[in-house]
2 protein chains.
Amino acid sequence: MNFNMINKPTLLLDEAKCRRNIRRMAQKARKHKLIFRPHLKTHQSHEVGRWLRKEGVDKITVSSVDMARYFADDGWEDLTIAFPLNILEMDEINELASRIRLNLLVESTESAKFLAEKLKHPAGVFIKIDAGYQRTGLPAEDITAIGKVLKELSEAEKILFKGFIVHSGNTYYAGSKEEVRNIHQESINKLQKLKDHFVQDHPDHILSIGDTPSCSMMDDFNGIDEIRPGNFVFYDVMQYQLGTCRAEDIAVALLCPVVAKHPGRREVVIYGGAVHLSKDSVQDEGKKIFGLLAPFDGNTWGTPYKNTLVRSLSQEHGIIRMEHPAFDEIGIGDLLAVLPVHSCLTLSAMRSLTTTTGKRLGVMLAV
Amino acid sequence: MNFNMINKPTLLLDEAKCRRNIRRMAQKARKHKLIFRPHLKTHQSHEVGRWLRKEGVDKITVSSVDMARYFADDGWEDLTIAFPLNILEMDEINELASRIRLNLLVESTESAKFLAEKLKHPAGVFIKIDAGYQRTGLPAEDITAIGKVLKELSEAEKILFKGFIVHSGNTYYAGSKEEVRNIHQESINKLQKLKDHFVQDHPDHILSIGDTPSCSMMDDFNGIDEIRPGNFVFYDVMQYQLGTCRAEDIAVALLCPVVAKHPGRREVVIYGGAVHLSKDSVQDEGKKIFGLLAPFDGNTWGTPYKNTLVRSLSQEHGIIRMEHPAFDEIGIGDLLAVLPVHSCLTLSAMRSLTTTTGKRLGVMLAV
């Protein structure tokens, strides 16, 4: 690609790394005999979706009704909207249910009743379970409440009860692989108890888990039927820091022009801020960081520089602090490769994706 | 407006509040005989720009070359790009300089030299000064370095040296009005010293300051020629918490559908996450918050509920913790008004703006 054409923040995708990440996860799912239903919110791209299809994927997860429509329009026929039913979008949901195999999530009798009444075409429904993350879902221990929702679903003519679904987002806050393992194992145990309880009346229901740290790092999926990781296609600094991926697995980087240099405080100012990277951050040795800088050879990026971090972001500015000797070689007008803290949010902020070979990919709501 | 039509996160603008905020700042600028050059990055909207024009504004500030072009295309003829010169965008800059009065920022001899060589049409240039924020700019104390840049600018045929420009973004981290005053006063003092030093050789140069906290809260602008606040058109929770505005001045709110309710932990799950609000946060009594909830009467929003906050954001989910009795009245499918922590980033994430009377406004890169 002719990088001379890049003159403002540009989200680059290394297609080879991305395809390798996809292949690895697809192989893992096959090895463990798991249904592989990846979450497509990370890339929101028809093209990347097609790379998944090439690895045998025919079931996907999305996070909104809009995203479901975007991917249904590219030929996906089996979609789970992994977000609690938004009853205000019932018309759009019915339109989708009329043309694809759609799965929805509910976590209350109220939503289940609403759906039972309004659904015009058959759809699958999962009950969202909270295994400890405390975001959404019915507590896994609350068999009574879960049973009530299940009763509503079972009695509805158009609803097929699919099973129990969990997202252990608390693995993102884990301090070690051991902690991820504990969270993962606890989720599995809780889901299995639910299955044991309800399997007699609902013999075909499945158990579905989602988070990228568990799906990437763990090898015990005993009793689980389906995985829905999303971030693994790109990975990012957050996953790298968690130990979920290696630096060389990070498949996206934001290329940013250098606009100023402050040797006195060893800082570089880049055109690349919160509206490009998102304001998500992680802690690194007690400091908040908004990205890492990696050497870029005009082809791809390598392992992040040591003692170098994006220390702050304004709307359009990024400030990089760099104690590394490579600082001296940086000049105004250079392009630097910033590895994002949270690639899903960076993609969503940028709404554009260019491969390192210069191909512009189609992205939902592309600018 | 018929709010029944809203079924997903929607950024609402109260036009009356916004126009009132604009009028108040325009009056203040007139009273202090300041050039009022508002920053339009907060709204990125032709329409809101026209409301500014109605209050007599004919000079504006933007944060990128793209934004300059967007507003130049709506008839603005005097623009400052308040961002260090990105030398990679020289062609676009020359195109703009050929048709409007354009002002640019430099902070190094390298950039000044580049501009002197490449600029094809006359343009104004400010030297960016760092008065203590440590983001961009030459340290105000470094008269030697500033003099060198100024020499480059003065010798360039197409460059008109405009003056010194500062953004005291450190007021955003101030703990009190007193602290804002100290930062503001220090900026003024440093700029005045610069003016005193360079005024003999450059009698027409001006001093320009920018941040919304100083421009909103302060009344001493002695020696300052120009103000460039941006956020004041909308304000937000960050400004409210700083004491920069009253709750009733916040002119935008994100309307979000309720998708789940957890009475046990007094939490509501909304469709409205980091891709809508942005991940920016402030501290409130030791807790990180991502927004506040305000009562919405179908017309506008009021003072935020006490003991209620957006405690976490995922990509599409927001979790509201609400110790307020109004919790009991919230039902699934209701629309809640969330006041954003940082309205500039929320607008940038949403790329859409609907008035409370149902008018959809044009926004740069609108979706």
# chains A, B, ... in the order shown; residues from 1 in each chain; ligands from 1
>>> select_by_dssp(residues="segment 114-337 of chain A", states="strand (DSSP E)", output="MDAnalysis selection string")
chainID A and resid 123:130 138:139 159:166 206:209 226:227 252:262 267:271 282:284 287:289 291:294 308:313 317:322 335:337
>>> residues_around(residues="segment 167-181 of chain A", least_positions_apart="2", cutoff="7 Å", atoms="only C-alpha atoms", output="list in words")
Ala131, Tyr133, Ile183, His184, Gln185, Ile209, Gly210, Asp211, Pro213, Ser214, Met218 and Leu242 of chain A
>>> closest_atom_pairs(of="chain A", to="chain B", cutoff="8 Å", atoms="only C-alpha atoms", output="CSV")
residue,atom,partner,partner_atom,distance
A:Asn7,CA,B:Leu88,CA,5.0
A:Lys8,CA,B:Leu88,CA,7.7
A:Ser63,CA,B:Glu316,CA,7.1
A:Ser64,CA,B:Glu316,CA,7.9
A:Pro84,CA,B:Val259,CA,5.9
A:Leu85,CA,B:Val259,CA,6.3
A:Asn86,CA,B:Val259,CA,5.4
A:Ile87,CA,B:Gly333,CA,5.9
A:Leu88,CA,B:Asn7,CA,5.0
A:Glu89,CA,B:Asn7,CA,6.0
A:Glu107,CA,B:Ala260,CA,7.3
A:Ser108,CA,B:Ala260,CA,7.5
A:Glu110,CA,B:Ile332,CA,7.8
A:Ser111,CA,B:Ile332,CA,7.7
A:Arg135,CA,B:Ile319,CA,7.0
A:Thr136,CA,B:Val269,CA,7.0
A:Pro257,CA,B:Asn86,CA,7.2
A:Val258,CA,B:Asn86,CA,7.5
A:Val259,CA,B:Asn86,CA,5.4
A:Ala260,CA,B:Pro84,CA,7.0
A:Val269,CA,B:Thr136,CA,7.0
A:Tyr271,CA,B:Asn86,CA,7.6
A:Ala274,CA,B:Leu345,CA,7.5
A:Val275,CA,B:Ser348,CA,6.5
A:Ser278,CA,B:Lys279,CA,6.9
A:Lys279,CA,B:Lys279,CA,5.2
A:Asp280,CA,B:Lys279,CA,5.8
A:Gln315,CA,B:Leu345,CA,7.1
A:Glu316,CA,B:Ser63,CA,7.1
A:Ile319,CA,B:Arg135,CA,6.9
A:Ile332,CA,B:Ser111,CA,7.6
A:Gly333,CA,B:Ile87,CA,5.9
A:Cys344,CA,B:Gln315,CA,7.8
A:Leu345,CA,B:Val275,CA,6.6
A:Ser348,CA,B:Val275,CA,6.5
A:Ala349,CA,B:Ala349,CA,6.3
A:Leu365,CA,B:Val367,CA,6.3
A:Val367,CA,B:Leu365,CA,6.3
>>> select_by_dssp(residues="segment 242-333 of chain B", states="helix (DSSP H, G or I)", output="PyMOL selection string")
chain B and resi 242+247-249+263-265+274-277+325-329
>>> residues_around(residues="segment 249-251 of chain A", least_positions_apart="4", cutoff="8 Å", atoms="only C-alpha atoms", output="PyMOL selection string")
chain A and resi 13-15+17-18+21+233-237+240+245+339
>>> residues_around(residues="Thr354 of chain B", least_positions_apart="4", cutoff="7 Å", atoms="only C-alpha atoms", output="list of chain:residue names")
B:Leu11, B:Leu12, B:Leu13, B:Gly358, B:Lys359, B:Arg360, B:Leu361
>>> write_last_selection(atoms="N, CA and C atoms", output="PDB file, in the first residue's frame")
ATOM      1  N   LEU B  11     -29.864  11.286  20.441  1.00  0.00           N
ATOM      2  CA  LEU B  11     -29.313  12.470  21.089  1.00  0.00           C
ATOM      3  C   LEU B  11     -30.246  13.658  20.853  1.00  0.00           C
ATOM      4  N   LEU B  12     -30.847  14.111  21.949  1.00  0.00           N
ATOM      5  CA  LEU B  12     -31.809  15.212  21.876  1.00  0.00           C
ATOM      6  C   LEU B  12     -31.139  16.516  22.250  1.00  0.00           C
ATOM      7  N   LEU B  13     -31.532  17.560  21.538  1.00  0.00           N
ATOM      8  CA  LEU B  13     -31.018  18.903  21.804  1.00  0.00           C
ATOM      9  C   LEU B  13     -32.188  19.813  22.156  1.00  0.00           C
ATOM     10  N   GLY B 358     -38.387  17.809  17.468  1.00  0.00           N
ATOM     11  CA  GLY B 358     -38.443  16.804  16.408  1.00  0.00           C
ATOM     12  C   GLY B 358     -37.707  17.147  15.133  1.00  0.00           C
ATOM     13  N   LYS B 359     -36.931  18.226  15.147  1.00  0.00           N
ATOM     14  CA  LYS B 359     -36.179  18.611  13.955  1.00  0.00           C
ATOM     15  C   LYS B 359     -34.845  17.862  13.940  1.00  0.00           C
ATOM     16  N   ARG B 360     -34.528  17.206  12.852  1.00  0.00           N
ATOM     17  CA  ARG B 360     -33.235  16.534  12.730  1.00  0.00           C
ATOM     18  C   ARG B 360     -32.230  17.532  12.166  1.00  0.00           C
ATOM     19  N   LEU B 361     -31.134  17.774  12.895  1.00  0.00           N
ATOM     20  CA  LEU B 361     -30.158  18.766  12.442  1.00  0.00           C
ATOM     21  C   LEU B 361     -29.050  18.115  11.620  1.00  0.00           C
TER      22      LEU B 361
END
>>> atom_distance(atom1="atom CA of Gln239 of chain B", atom2="atom CA of Val341 of chain B")
8.3 Å
>>> residues_around(residues="His121 of chain A", least_positions_apart="3", cutoff="8 Å", atoms="only C-alpha atoms", output="PDB file with N, CA and C atoms, in the first residue's frame")
ATOM      1  N   ASN A  94     -39.710  -8.258  14.055  1.00  0.00           N
ATOM      2  CA  ASN A  94     -40.618  -9.096  13.262  1.00  0.00           C
ATOM      3  C   ASN A  94     -40.186  -9.173  11.802  1.00  0.00           C
ATOM      4  N   ALA A  97     -37.349 -11.583  11.770  1.00  0.00           N
ATOM      5  CA  ALA A  97     -37.800 -12.961  12.046  1.00  0.00           C
ATOM      6  C   ALA A  97     -38.532 -13.544  10.845  1.00  0.00           C
ATOM      7  N   SER A  98     -39.034 -12.685   9.984  1.00  0.00           N
ATOM      8  CA  SER A  98     -39.754 -13.176   8.802  1.00  0.00           C
ATOM      9  C   SER A  98     -38.800 -13.743   7.758  1.00  0.00           C
ATOM     10  N   LYS A 158     -45.039 -18.968  18.971  1.00  0.00           N
ATOM     11  CA  LYS A 158     -43.980 -18.682  17.993  1.00  0.00           C
ATOM     12  C   LYS A 158     -42.571 -18.795  18.578  1.00  0.00           C
TER      13      LYS A 158
END
>>> residues_around(residues="Glu77 of chain A", least_positions_apart="6", cutoff="8 Å", atoms="only C-alpha atoms", output="ChimeraX atom specification")
/A:58-59,99-102
>>> residues_around(residues="Phe296 of chain B", least_positions_apart="2", cutoff="12 Å", atoms="only C-alpha atoms", output="PyMOL selection string")
chain B and resi 3+12+14+252-256+293-294+298-305+326+330+334-339+356
>>> atom_distance(atom1="atom CA of Val363 of chain A", atom2="atom CA of Ser45 of chain A")
4.3 Å
>>> decode(residues="segment 84-197 of chain B", atoms="C-alpha atoms", output="compact mmCIF listing (two decimals), in the first residue's frame")
# COMPACT_ATOMS: atom_id res chain seq x y z
CA PRO B 84 -1.03 22.01 15.62
CA LEU B 85 -0.37 22.16 11.87
CA ASN B 86 -0.60 18.68 10.35
CA ILE B 87 1.92 19.05 7.54
CA LEU B 88 0.47 16.02 5.75
CA GLU B 89 -2.71 17.98 4.99
CA MET B 90 -0.95 20.85 3.22
CA ASP B 91 -2.92 20.44 -0.02
CA GLU B 92 -6.27 20.69 1.80
CA ILE B 93 -4.96 23.67 3.78
CA ASN B 94 -3.95 25.48 0.61
CA GLU B 95 -7.37 24.82 -0.89
CA LEU B 96 -9.01 26.38 2.19
CA ALA B 97 -6.57 29.31 2.29
CA SER B 98 -7.48 30.07 -1.32
CA ARG B 99 -11.09 30.80 -0.41
CA ILE B 100 -11.39 31.86 3.27
CA ARG B 101 -9.45 33.76 5.92
CA LEU B 102 -7.71 30.81 7.52
CA ASN B 103 -5.68 30.80 10.73
CA LEU B 104 -3.32 27.99 11.62
CA LEU B 105 -1.30 26.99 14.70
CA VAL B 106 2.38 26.16 14.85
CA GLU B 107 4.62 25.37 17.78
CA SER B 108 7.98 24.55 16.22
CA THR B 109 10.44 26.11 13.80
CA GLU B 110 10.16 22.89 11.79
CA SER B 111 6.42 23.40 11.18
CA ALA B 112 6.88 27.14 10.67
CA LYS B 113 9.54 26.56 8.03
CA PHE B 114 7.42 23.95 6.29
CA LEU B 115 4.47 26.33 6.19
CA ALA B 116 6.60 29.23 5.00
CA GLU B 117 7.72 27.11 2.09
CA LYS B 118 4.45 25.41 1.15
CA LEU B 119 1.73 27.97 1.79
CA LYS B 120 0.35 29.21 -1.55
CA HIS B 121 -2.21 31.74 -0.28
CA PRO B 122 -2.12 34.18 2.62
CA ALA B 123 -3.02 32.73 6.02
CA GLY B 124 -2.83 33.86 9.61
CA VAL B 125 -0.67 31.89 12.01
CA PHE B 126 -0.83 31.71 15.81
CA ILE B 127 1.97 30.36 17.94
CA LYS B 128 0.58 27.75 20.31
CA ILE B 129 1.63 28.45 23.88
CA ASP B 130 1.60 26.05 26.79
CA ALA B 131 0.64 27.93 29.94
CA GLY B 132 0.87 24.84 32.15
CA TYR B 133 -1.51 22.22 30.71
CA GLN B 134 1.39 20.30 29.14
CA ARG B 135 -0.50 19.08 26.13
CA THR B 136 0.72 21.10 23.18
CA GLY B 137 2.50 24.39 22.68
CA LEU B 138 5.80 25.99 23.51
CA PRO B 139 6.26 26.73 27.22
CA ALA B 140 5.26 30.36 27.78
CA GLU B 141 8.57 30.91 29.60
CA ASP B 142 10.67 29.81 26.64
CA ILE B 143 11.07 33.22 25.01
CA THR B 144 14.05 32.03 22.96
CA ALA B 145 12.18 29.18 21.28
CA ILE B 146 9.11 31.35 20.76
CA GLY B 147 11.26 34.08 19.23
CA LYS B 148 12.79 31.60 16.79
CA VAL B 149 9.40 30.41 15.57
CA LEU B 150 8.20 33.99 15.32
CA LYS B 151 11.24 34.87 13.23
CA GLU B 152 10.42 32.08 10.75
CA LEU B 153 6.84 33.28 10.51
CA SER B 154 7.77 36.94 10.11
CA GLU B 155 10.07 36.22 7.20
CA ALA B 156 7.48 34.22 5.29
CA GLU B 157 5.76 36.07 2.49
CA LYS B 158 2.30 34.50 2.79
CA ILE B 159 2.15 34.33 6.59
CA LEU B 160 0.54 36.90 8.81
CA PHE B 161 1.56 36.41 12.44
CA LYS B 162 -1.72 36.62 14.38
CA GLY B 163 -0.59 36.21 17.97
CA PHE B 164 -0.39 33.75 20.84
CA ILE B 165 -3.01 31.12 21.54
CA VAL B 166 -3.50 29.03 24.64
CA HIS B 167 -5.90 26.30 25.78
CA SER B 168 -5.90 25.90 29.54
CA GLY B 169 -7.43 22.43 29.53
CA ASN B 170 -6.14 21.97 33.06
CA THR B 171 -9.20 23.91 34.28
CA TYR B 172 -11.14 20.69 33.59
CA TYR B 173 -9.24 19.07 36.44
CA ALA B 174 -9.75 21.96 38.86
CA GLY B 175 -11.35 21.17 42.17
CA SER B 176 -12.95 24.57 42.73
CA LYS B 177 -13.79 27.91 41.16
CA GLU B 178 -10.78 29.32 42.99
CA GLU B 179 -8.53 26.83 41.26
CA VAL B 180 -10.04 27.70 37.85
CA ARG B 181 -9.37 31.35 38.68
CA ASN B 182 -5.73 30.61 39.51
CA ILE B 183 -5.17 28.68 36.29
CA HIS B 184 -6.95 31.36 34.26
CA GLN B 185 -5.00 34.17 35.90
CA GLU B 186 -1.71 32.37 35.39
CA SER B 187 -2.49 31.93 31.70
CA ILE B 188 -3.33 35.61 31.34
CA ASN B 189 -0.18 36.67 33.16
CA LYS B 190 2.03 34.47 31.02
CA LEU B 191 0.39 35.64 27.78
CA GLN B 192 0.71 39.28 28.81
CA LYS B 193 4.42 38.85 29.47
CA LEU B 194 4.78 37.45 25.96
CA LYS B 195 2.86 40.34 24.51
CA ASP B 196 5.00 42.84 26.40
CA HIS B 197 8.09 41.17 25.02
